[in-house]
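Engineer: One structure follows; several queries about it will come next.
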Amino acid sequence: MSGAKPPAEFDRVVAQGTFDILHPGHVHYLEQAKALGGELHVILARGANVSHKEPPVLSDEQRRAMVGALAPVDEAHLGHLEDIFVPIERIDPDCIVLGHDQHHDATAVSQALDARGLECEVRRAGPLEGEKRDTLVSTGQIVDRICRRRCD
């Protein structure tokens, strides 16, 4: 049967991130994650929990709604304020896909999942290939360009 999609490797996949200002890198990450599974659930970090970079510009609910509207995403969830594993336990994924440039250590995530008795494979997405010079693939790049072009 030509054109048929190969069967999904996993039933349920989780991707996670801040997803402040959506850009091609986000879409690429979510498409890669969706390609691994039948269902793609995305967990968005609460703004109050973002400590490794500038806090998001958009509200938690705006970011959740935008990510939830993307074609690869079956369901978008806000993260838990105190325990990042609460939504993972509820979703019960077979695989968690980390973004290629996310600060998380895949081994540490696997160990934390094991410690909580969660059987879940951890993978890392690849970068967006063939980037054009003008392709913006990070929120920071977008903000910097806006400031260069529109801020005094």
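Note on naming: chains are A, B, ... as they come in the structure tokens, residues start from 1 per chain, ligands start from 1 in the order shown.
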Tell me which protein, DNA and RNA residues are within 10 Å of Pro55 of chain A, counting only C-alpha atoms, leaving out same-chain ones fewer than 6 positions away, and put them as number ranges by chain.
Structural biologist: A: 18, 20, 46-49
Engineer: Grab the residues selected above and save them as a PDB file, in the first residue's frame with N, CA and C atoms.
Structural biologist:
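Wrote out_20.pdb, looks like this:
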```pdb
ATOM      1  N   THR A  18       8.350  25.643  27.042  1.00  0.00           N
ATOM      2  CA  THR A  18       7.727  26.909  27.396  1.00  0.00           C
ATOM      3  C   THR A  18       6.816  27.396  26.266  1.00  0.00           C
ATOM      4  N   ASP A  20       6.824  30.024  24.239  1.00  0.00           N
ATOM      5  CA  ASP A  20       6.368  31.397  24.453  1.00  0.00           C
ATOM      6  C   ASP A  20       5.898  32.044  23.165  1.00  0.00           C
ATOM      7  N   ARG A  46       4.641  26.278  33.329  1.00  0.00           N
ATOM      8  CA  ARG A  46       3.988  27.467  33.893  1.00  0.00           C
ATOM      9  C   ARG A  46       5.017  28.595  33.914  1.00  0.00           C
ATOM     10  N   GLY A  47       4.587  29.792  33.605  1.00  0.00           N
ATOM     11  CA  GLY A  47       5.488  30.943  33.616  1.00  0.00           C
ATOM     12  C   GLY A  47       6.208  31.093  34.944  1.00  0.00           C
ATOM     13  N   ALA A  48       5.504  30.817  36.020  1.00  0.00           N
ATOM     14  CA  ALA A  48       6.091  30.941  37.361  1.00  0.00           C
ATOM     15  C   ALA A  48       7.225  29.944  37.591  1.00  0.00           C
ATOM     16  N   ASN A  49       7.273  28.878  36.794  1.00  0.00           N
ATOM     17  CA  ASN A  49       8.306  27.852  36.968  1.00  0.00           C
ATOM     18  C   ASN A  49       9.502  28.021  36.047  1.00  0.00           C
TER      19      ASN A  49
END
```
Engineer: Would you kindly return, as a ChimeraX atom specification, each protein, DNA or RNA residue with an atom no farther than 9 Å from any atom of Glu121 of chain A, considering only C-alpha atoms and excluding same-chain residues fewer than 2 positions away?
Structural biologist: /A:93-97,110,119,123
Engineer: Kindly save the residues from that selection, with N, CA and C atoms included, as a PDB file, in the first residue's frame.
Structural biologist:
```
ATOM      1  N   PRO A  93       2.673   8.492  29.511  1.00  0.00           N
ATOM      2  CA  PRO A  93       3.215   8.306  28.162  1.00  0.00           C
ATOM      3  C   PRO A  93       4.150   7.103  28.064  1.00  0.00           C
ATOM      4  N   ASP A  94       4.346   6.653  26.840  1.00  0.00           N
ATOM      5  CA  ASP A  94       5.316   5.605  26.539  1.00  0.00           C
ATOM      6  C   ASP A  94       6.680   6.214  26.224  1.00  0.00           C
ATOM      7  N   CYS A  95       6.670   7.485  25.833  1.00  0.00           N
ATOM      8  CA  CYS A  95       7.906   8.161  25.441  1.00  0.00           C
ATOM      9  C   CYS A  95       7.795   9.654  25.734  1.00  0.00           C
ATOM     10  N   ILE A  96       8.889  10.227  26.214  1.00  0.00           N
ATOM     11  CA  ILE A  96       9.013  11.676  26.354  1.00  0.00           C
ATOM     12  C   ILE A  96      10.087  12.117  25.376  1.00  0.00           C
ATOM     13  N   VAL A  97       9.752  13.095  24.555  1.00  0.00           N
ATOM     14  CA  VAL A  97      10.707  13.613  23.578  1.00  0.00           C
ATOM     15  C   VAL A  97      11.144  14.995  24.038  1.00  0.00           C
ATOM     16  N   SER A 110      15.358  10.214  32.714  1.00  0.00           N
ATOM     17  CA  SER A 110      15.097   8.764  32.776  1.00  0.00           C
ATOM     18  C   SER A 110      15.200   8.243  34.205  1.00  0.00           C
ATOM     19  N   GLU A 119       7.415   3.784  33.605  1.00  0.00           N
ATOM     20  CA  GLU A 119       8.113   3.149  32.490  1.00  0.00           C
ATOM     21  C   GLU A 119       7.889   4.002  31.244  1.00  0.00           C
ATOM     22  N   ARG A 123      13.706  10.328  24.664  1.00  0.00           N
ATOM     23  CA  ARG A 123      14.455  10.577  23.428  1.00  0.00           C
ATOM     24  C   ARG A 123      14.652  12.077  23.267  1.00  0.00           C
TER      25      ARG A 123
END
```
Engineer: Step one, run DSSP on the backbone; step two, keep only residues of chain A assigned to strand (DSSP E or B); then write them as an NGL selection string.
Structural biologist: :A and (10-17 or 37-44 or 75-78 or 95-98 or 121-124)
Engineer: Would you mind telling me which residue in A:Ala8, A:Cys120, A:Ala76, A:Ala108 lies nearest to Asp92 of chain A when using only C-alpha atoms?
Structural biologist: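 Nearest to Asp92 of chain A: A:Cys120.
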Engineer: What does the distance from atom CA of Ala65 of chain A to atom CA of Arg116 of chain A come to in Å, to one decimal?
Structural biologist: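 Atom-to-atom, atom CA of Ala65 of chain A and atom CA of Arg116 of chain A are spaced 29.4 Å apart.
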Engineer: From the list A:Arg124, A:His26, A:His103, A:Lys34, which residue is nearest Glu9 of chain A when using only C-alpha atoms?
Structural biologist: A:Lys34
Engineer: Pick out the closest residue to Val109 of chain A from this set: A:Glu129, A:Phe85, A:Arg90, A:Val27. Count only C-alpha atoms.
Structural biologist: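 Among A:Glu129, A:Phe85, A:Arg90, A:Val27, it is A:Phe85 that comes nearest to Val109 of chain A.
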Engineer: List as a PyMOL selection string the protein and nucleic acid residues near Asp74 of chain A, meaning an atom at most 8 Å away when only C-alpha atoms are counted, but skip any in the same chain fewer than 5 places from it.
Structural biologist: chain A and resi 39-41+68
Engineer: Go ahead and dump the residues you just picked, C-alpha atoms, as a short mmCIF file (atom, residue, chain, number, x, y, z; two decimals), in the first residue's frame.
Structural biologist:
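Output file selection_6.cif follows:
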```
data_model
loop_
_atom_site.label_atom_id
_atom_site.label_comp_id
_atom_site.auth_asym_id
_atom_site.auth_seq_id
_atom_site.Cartn_x
_atom_site.Cartn_y
_atom_site.Cartn_z
CA GLU A 39 -1.14 10.61 20.50
CA LEU A 40 0.97 13.68 21.20
CA HIS A 41 0.45 15.43 24.52
CA GLY A 68 -3.12 23.04 21.33
#
```
Engineer: Measuring between only C-alpha atoms, which one of A:Val42, A:His23, A:Val143, A:Pro127 shows the shortest distance to Pro87 of chain A?
Structural biologist: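 Going through A:Val42, A:His23, A:Val143, A:Pro127 one by one, the smallest distance to Pro87 of chain A is for A:Val42.
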Engineer: Using only C-alpha atoms, which residue out of A:Ala35, A:Ala45, A:Ala69, A:Leu81 lies closest to Phe19 of chain A?
Structural biologist: A:Ala45
Engineer: May I have the residues within 9 Å of Ile88 of chain A as a PyMOL selection string, using only C-alpha atoms and disregarding those fewer than 6 positions away in the same chain?
Structural biologist: chain A and resi 14+43+118
Engineer: Kindly indicate which residue among A:Ala125, A:Arg12, A:Arg63, A:Asp114 lies nearest to His77 of chain A, using only C-alpha atoms for the distances.
Structural biologist: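 That would be A:Arg63, the residue with the smallest distance to His77 of chain A.
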Engineer: Name all residues at most 12 Å from Leu128 of chain A (count only C-alpha atoms; drop same-chain ones fewer than 6 positions away) and give them as a PyMOL selection string.
Structural biologist: chain A and resi 23-32+99-101+135-138
Engineer: DSSP on the backbone, then: every residue of chain A marked alpha helix (DSSP H), written as a PyMOL selection string.
Structural biologist: chain A and resi 24-35+60-68+85-91+106-115+139-150
Engineer: Could you tell me how far atom CA of Phe10 of chain A lies from atom CA of Leu36 of chain A, in Å and to one decimal?
Structural biologist: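 Separating atom CA of Phe10 of chain A from atom CA of Leu36 of chain A is a distance of 6.0 Å.
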